[in-house]
file input.cif (mmCIF, C-alpha atoms)
data_protein
#
loop_
_atom_site.label_atom_id
_atom_site.label_comp_id
_atom_site.auth_asym_id
_atom_site.auth_seq_id
_atom_site.Cartn_x
_atom_site.Cartn_y
_atom_site.Cartn_z
CA MET A 1 89.23 64.79 101.17
CA LEU A 2 88.62 61.71 99.10
CA VAL A 3 91.87 60.23 97.85
CA LEU A 4 91.87 57.87 94.91
CA SER A 5 94.73 56.18 93.08
CA ARG A 6 94.46 56.13 89.32
CA LYS A 7 96.62 54.83 86.49
CA THR A 8 97.27 56.64 83.25
CA GLY A 9 94.16 56.48 81.11
CA GLU A 10 91.82 55.91 84.05
CA SER A 11 89.12 58.36 85.03
CA ILE A 12 87.12 59.64 87.94
CA MET A 13 83.52 60.73 87.58
CA ILE A 14 82.28 63.66 89.65
CA GLY A 15 78.53 63.44 89.56
CA ASP A 16 77.35 62.00 86.27
CA GLN A 17 78.61 64.74 84.00
CA ILE A 18 82.15 65.58 85.00
CA GLU A 19 84.94 63.24 84.06
CA VAL A 20 88.49 63.74 85.24
CA LYS A 21 90.99 61.63 83.36
CA VAL A 22 94.66 61.10 84.04
CA LEU A 23 96.28 61.44 80.62
CA ALA A 24 99.95 61.15 81.46
CA VAL A 25 102.37 61.20 84.34
CA GLU A 26 105.79 62.65 83.60
CA GLY A 27 108.04 63.03 86.60
CA ASP A 28 106.25 65.31 89.06
CA GLN A 29 103.78 66.50 86.45
CA VAL A 30 100.38 64.98 85.92
CA LYS A 31 98.41 65.79 82.81
CA ILE A 32 94.73 65.84 83.56
CA GLY A 33 91.89 65.98 81.08
CA ILE A 34 88.55 67.31 82.20
CA VAL A 35 85.26 66.71 80.45
CA ALA A 36 82.54 68.88 81.88
CA PRO A 37 79.38 70.61 80.71
CA LYS A 38 79.97 74.09 79.34
CA ALA A 39 78.27 75.64 82.33
CA VAL A 40 80.96 74.28 84.65
CA LYS A 41 84.00 76.48 84.64
CA VAL A 42 87.35 74.88 85.11
CA HIS A 43 90.22 77.01 86.36
CA ARG A 44 93.59 76.44 87.87
CA ALA A 45 93.35 77.06 91.61
CA GLU A 46 96.17 79.61 91.34
CA VAL A 47 93.93 81.81 89.22
CA PHE A 48 91.41 82.02 92.03
CA GLU A 49 94.08 82.63 94.61
CA ALA A 50 95.56 85.39 92.47
CA ILE A 51 92.18 87.07 92.14
CA GLN A 52 91.63 86.95 95.89
CA GLU A 53 95.02 88.47 96.44
CA GLN A 54 94.39 91.13 93.82
CA ASN A 55 91.14 92.10 95.49
CA ARG A 56 92.88 92.49 98.83
CA GLU A 57 95.62 94.52 97.23
CA ALA A 58 93.07 96.78 95.57
CA LEU A 59 91.89 97.90 99.00
CA THR A 60 95.21 99.41 99.98
CA PHE A 61 96.55 102.47 98.25
CA SER A 62 97.38 106.06 98.82
CA ASN A 63 94.40 108.30 99.25
CA GLU A 64 96.58 111.00 97.85
CA LEU A 65 96.28 109.62 94.33
CA LEU A 66 92.56 109.35 94.66
CA ASN A 67 92.34 112.96 95.74
CA LYS A 68 94.58 113.98 92.89
CA LEU A 69 92.34 112.13 90.46
CA LYS A 70 89.30 113.86 91.83
CA ARG A 71 90.89 117.27 91.60
CA ASN A 72 92.63 117.13 88.22
CA LYS A 73 89.71 116.86 85.92
CA MET B 74 69.72 105.46 104.63
CA ASN B 75 73.18 106.78 105.45
CA ILE B 76 76.31 104.69 105.24
CA GLU B 77 79.94 105.35 106.12
CA THR B 78 82.16 104.94 103.10
CA LYS B 79 85.85 104.42 102.67
CA PHE B 80 86.52 107.34 100.34
CA LEU B 81 83.55 109.62 100.44
CA GLY B 82 82.66 110.01 104.10
CA GLN B 83 79.05 109.58 105.01
CA VAL B 84 76.84 109.10 102.00
CA GLU B 85 73.12 108.88 101.72
CA ILE B 86 72.03 105.95 99.61
CA ASP B 87 68.73 104.78 98.28
CA GLU B 88 68.08 101.27 99.53
CA GLN B 89 66.70 100.39 96.12
CA ASN B 90 70.19 100.78 94.71
CA ILE B 91 71.78 98.18 96.96
CA LEU B 92 73.36 95.44 94.88
CA THR B 93 73.45 91.86 96.08
CA PHE B 94 76.58 89.82 95.45
CA GLU B 95 75.24 86.37 96.34
CA THR B 96 78.67 84.80 96.41
CA GLY B 97 80.55 87.80 97.77
CA LEU B 98 83.85 88.67 96.15
CA PRO B 99 86.89 86.36 95.99
CA GLY B 100 88.70 87.00 99.24
CA PHE B 101 85.56 88.52 100.78
CA LEU B 102 82.96 85.84 100.57
CA ASP B 103 80.89 87.06 103.50
CA VAL B 104 80.11 90.47 102.12
CA HIS B 105 77.02 90.61 99.99
CA LYS B 106 75.58 94.12 99.92
CA PHE B 107 77.26 96.86 97.94
CA VAL B 108 76.40 100.14 96.30
CA LEU B 109 78.01 101.86 93.35
CA LEU B 110 78.93 105.44 94.10
CA PRO B 111 80.20 107.99 91.63
CA LEU B 112 83.73 109.08 92.34
CA ASP B 113 83.83 111.97 89.98
CA ALA B 114 81.43 112.59 87.14
CA ASP B 115 84.29 113.28 84.73
CA LEU B 116 86.20 110.08 85.35
CA PRO B 117 85.31 106.59 84.12
CA LEU B 118 85.75 105.36 87.67
CA VAL B 119 83.22 104.48 90.35
CA VAL B 120 83.42 103.13 93.88
CA LEU B 121 82.00 99.76 94.85
CA GLN B 122 81.27 100.29 98.52
CA SER B 123 80.17 97.64 100.95
CA VAL B 124 77.05 98.68 102.81
CA GLU B 125 78.14 96.50 105.72
CA GLN B 126 81.84 97.30 106.08
CA GLN B 127 83.15 100.80 105.72
CA GLN B 128 86.71 99.74 104.88
CA LEU B 129 85.56 97.60 102.01
CA GLY B 130 85.50 100.05 99.15
CA PHE B 131 86.96 99.32 95.74
CA VAL B 132 87.73 101.67 92.93
CA LEU B 133 86.25 100.28 89.75
CA ALA B 134 86.96 101.35 86.21
CA TYR B 135 84.71 101.35 83.25
CA PRO B 136 87.15 99.15 81.29
CA PHE B 137 86.16 100.19 77.80
CA ALA B 138 87.40 103.69 78.53
CA PHE B 139 90.91 102.26 78.95
CA LYS B 140 90.87 99.29 76.61
CA LYS B 141 88.54 99.81 73.70
CA ASP B 142 88.80 96.26 72.37
CA TYR B 143 88.01 94.58 75.68
CA ILE B 144 85.37 92.01 74.91
CA PHE B 145 84.21 88.84 76.59
CA GLU B 146 81.26 86.57 76.82
CA ILE B 147 79.28 85.88 79.94
CA SER B 148 78.73 82.16 80.37
CA GLU B 149 75.28 80.63 80.61
CA GLU B 150 75.90 79.73 84.23
CA GLU B 151 76.68 83.32 85.09
CA LYS B 152 73.72 84.60 83.14
CA ILE B 153 71.55 82.39 85.32
CA ASP B 154 73.30 83.53 88.50
CA LEU B 155 72.80 87.14 87.54
CA GLN B 156 69.31 86.59 86.14
CA VAL B 157 70.27 88.25 82.89
CA GLU B 158 67.40 88.55 80.47
CA GLU B 159 68.70 91.18 78.12
CA GLU B 160 72.18 92.27 77.31
CA GLU B 161 71.46 95.89 78.07
CA ASP B 162 70.64 95.03 81.70
CA VAL B 163 74.30 94.29 82.28
CA ILE B 164 77.24 96.56 82.91
CA ALA B 165 80.86 95.54 83.39
CA TYR B 166 83.51 97.09 85.60
CA THR B 167 87.03 96.11 86.50
CA ILE B 168 88.68 96.39 89.90
CA VAL B 169 91.47 98.94 89.94
CA THR B 170 94.63 98.54 91.97
CA LEU B 171 95.83 102.08 92.50
CA LYS B 172 99.53 102.72 92.92
CA GLU B 173 101.52 105.86 93.57
CA THR B 174 100.62 107.27 90.21
CA PHE B 175 97.74 106.60 87.92
CA SER B 176 100.05 105.40 85.15
CA GLU B 177 101.43 102.69 87.44
CA SER B 178 97.97 101.56 88.41
CA THR B 179 96.42 98.44 86.98
CA MET B 180 93.00 96.94 86.47
CA ASN B 181 91.95 93.34 86.62
CA LEU B 182 90.73 92.40 83.15
CA LEU B 183 90.69 88.69 83.96
CA ALA B 184 87.98 88.96 86.58
CA PRO B 185 85.51 91.70 85.73
CA ILE B 186 82.62 92.65 87.96
CA ILE B 187 79.32 92.16 86.21
CA ILE B 188 76.26 93.98 87.45
CA ASN B 189 72.70 93.37 86.44
CA THR B 190 71.36 96.87 86.93
CA LYS B 191 67.77 95.77 86.55
CA LYS B 192 67.83 92.96 89.09
CA LYS B 193 70.46 94.64 91.31
CA LEU B 194 72.72 91.61 91.28
CA GLY B 195 76.48 91.54 90.98
CA LYS B 196 79.25 89.00 90.61
CA GLN B 197 82.95 88.97 89.95
CA ILE B 198 83.41 86.47 87.15
CA VAL B 199 86.58 84.78 85.94
CA LEU B 200 87.22 84.74 82.23
CA GLN B 201 88.70 81.65 80.65
CA ASP B 202 91.22 83.44 78.52
CA SER B 203 93.89 84.19 81.09
CA LYS B 204 96.55 84.85 78.46
CA ARG B 205 94.57 87.50 76.69
CA TYR B 206 93.27 89.24 79.78
CA PRO B 207 95.76 89.80 82.54
CA LEU B 208 95.13 90.29 86.22
CA ARG B 209 97.21 93.45 86.12
CA TYR B 210 96.55 95.38 82.98
CA PRO B 211 98.22 98.78 83.08
CA ILE B 212 95.66 101.52 82.99
CA GLY B 213 98.24 103.76 81.37
CA SER B 214 97.18 107.21 80.55
CA MET B 215 93.65 108.18 79.98
CA GLU B 216 92.86 111.29 78.05
CA GLY B 217 92.37 114.17 80.43
CA SER B 218 93.40 112.11 83.42
CA ALA B 219 95.71 112.98 86.25
CA LYS B 220 99.23 111.82 85.50
#
call {"tool": "encode", "arguments": {"input": "input.cif", "output": "structure tokens"}}
result
Amino acid sequence: MLVLSRKTGESIMIGDQIEVKVLAVEGDQVKIGIVAPKAVKVHRAEVFEAIQEQNREALTFSNELLNKLKRNK
Amino acid sequence: MNIETKFLGQVEIDEQNILTFETGLPGFLDVHKFVLLPLDADLPLVVLQSVEQQQLGFVLAYPFAFKKDYIFEISEEEKIDLQVEEEEDVIAYTIVTLKETFSESTMNLLAPIIINTKKKLGKQIVLQDSKRYPLRYPIGSMEGSAK
């Protein structure tokens, strides 16, 4: 992992199109602005983790309900 | 060819219907080949079954049957990934998390599964609007469904 120190108002460029700017630091919160082409999707990492978890959860359930669904048309 | 499925026993599939998920699914990045199997002709549900791993079978919902105003845009990046040429090549499903009863079950509106039926490509995409489209949207009751 590359670790860089930045002050408020300073930026990091990722490639030549993605700019990550530190907007403000308030206590343990950092406000980050991201300028990126539309094609690059920016998400909080938690969103991805939640989707992974949801997918795993979707694999476990009672077959009983599935059978019930198939029967009760 | 015949495959072992999670819900439907052994099923004969046409190799032409195998869908490729280039990037796998979040949580299952190494699984790339799936087929869609009908669960029951009368239900807006299908099974997304891995061709490679029997235990990897998801129940998918046709989301518009449960939420009529569900609408989203596919980004340019995803259109390229899925080689989308025309809108009608694409079909959307949502992954269902089944609970004890159908009314307690939820579907993931935030990350729908998009399938290009023409090119046989699939991808689970993440929508930007996480407030509008929750990860656990209650399926609720569907007309004519099991309660």
call {"tool": "interface_residues", "arguments": {"input": "input.cif", "of": "chain A", "to": "chain B", "cutoff": "9 Å", "atoms": "only C-alpha atoms", "output": "count of residues only"}}
result
32
call {"tool": "closest_residue", "arguments": {"input": "input.cif", "among": "A:Pro37, A:Gly27, A:Glu46, A:Val22", "to": "Glu10 in chain A", "atoms": "all atoms listed in the file"}}
result
A:Val22
call {"tool": "residues_around", "arguments": {"input": "input.cif", "residues": "Ser11 in chain A", "least_positions_apart": "3", "cutoff": "12 Å", "atoms": "only C-alpha atoms", "output": "PDB file with C-alpha atoms, keeping the file's coordinate frame"}}
result
ATOM      1  CA  LEU A   4      91.870  57.870  94.910  1.00  0.00           C
ATOM      2  CA  SER A   5      94.730  56.180  93.080  1.00  0.00           C
ATOM      3  CA  ARG A   6      94.460  56.130  89.320  1.00  0.00           C
ATOM      4  CA  LYS A   7      96.620  54.830  86.490  1.00  0.00           C
ATOM      5  CA  THR A   8      97.270  56.640  83.250  1.00  0.00           C
ATOM      6  CA  ILE A  14      82.280  63.660  89.650  1.00  0.00           C
ATOM      7  CA  ILE A  18      82.150  65.580  85.000  1.00  0.00           C
ATOM      8  CA  GLU A  19      84.940  63.240  84.060  1.00  0.00           C
ATOM      9  CA  VAL A  20      88.490  63.740  85.240  1.00  0.00           C
ATOM     10  CA  LYS A  21      90.990  61.630  83.360  1.00  0.00           C
ATOM     11  CA  VAL A  22      94.660  61.100  84.040  1.00  0.00           C
ATOM     12  CA  LEU A  23      96.280  61.440  80.620  1.00  0.00           C
ATOM     13  CA  ALA A  24      99.950  61.150  81.460  1.00  0.00           C
ATOM     14  CA  ILE A  32      94.730  65.840  83.560  1.00  0.00           C
ATOM     15  CA  GLY A  33      91.890  65.980  81.080  1.00  0.00           C
ATOM     16  CA  ILE A  34      88.550  67.310  82.200  1.00  0.00           C
ATOM     17  CA  VAL A  35      85.260  66.710  80.450  1.00  0.00           C
TER      18      VAL A  35
END
call {"tool": "atom_distance", "arguments": {"input": "input.cif", "atom1": "CA of Ile198 in chain B", "atom2": "CA of Asp162 in chain B"}}
result
16.3 Å
call {"tool": "atom_distance", "arguments": {"input": "input.cif", "atom1": "CA of Leu109 in chain B", "atom2": "CA of Gln122 in chain B"}}
result
6.3 Å
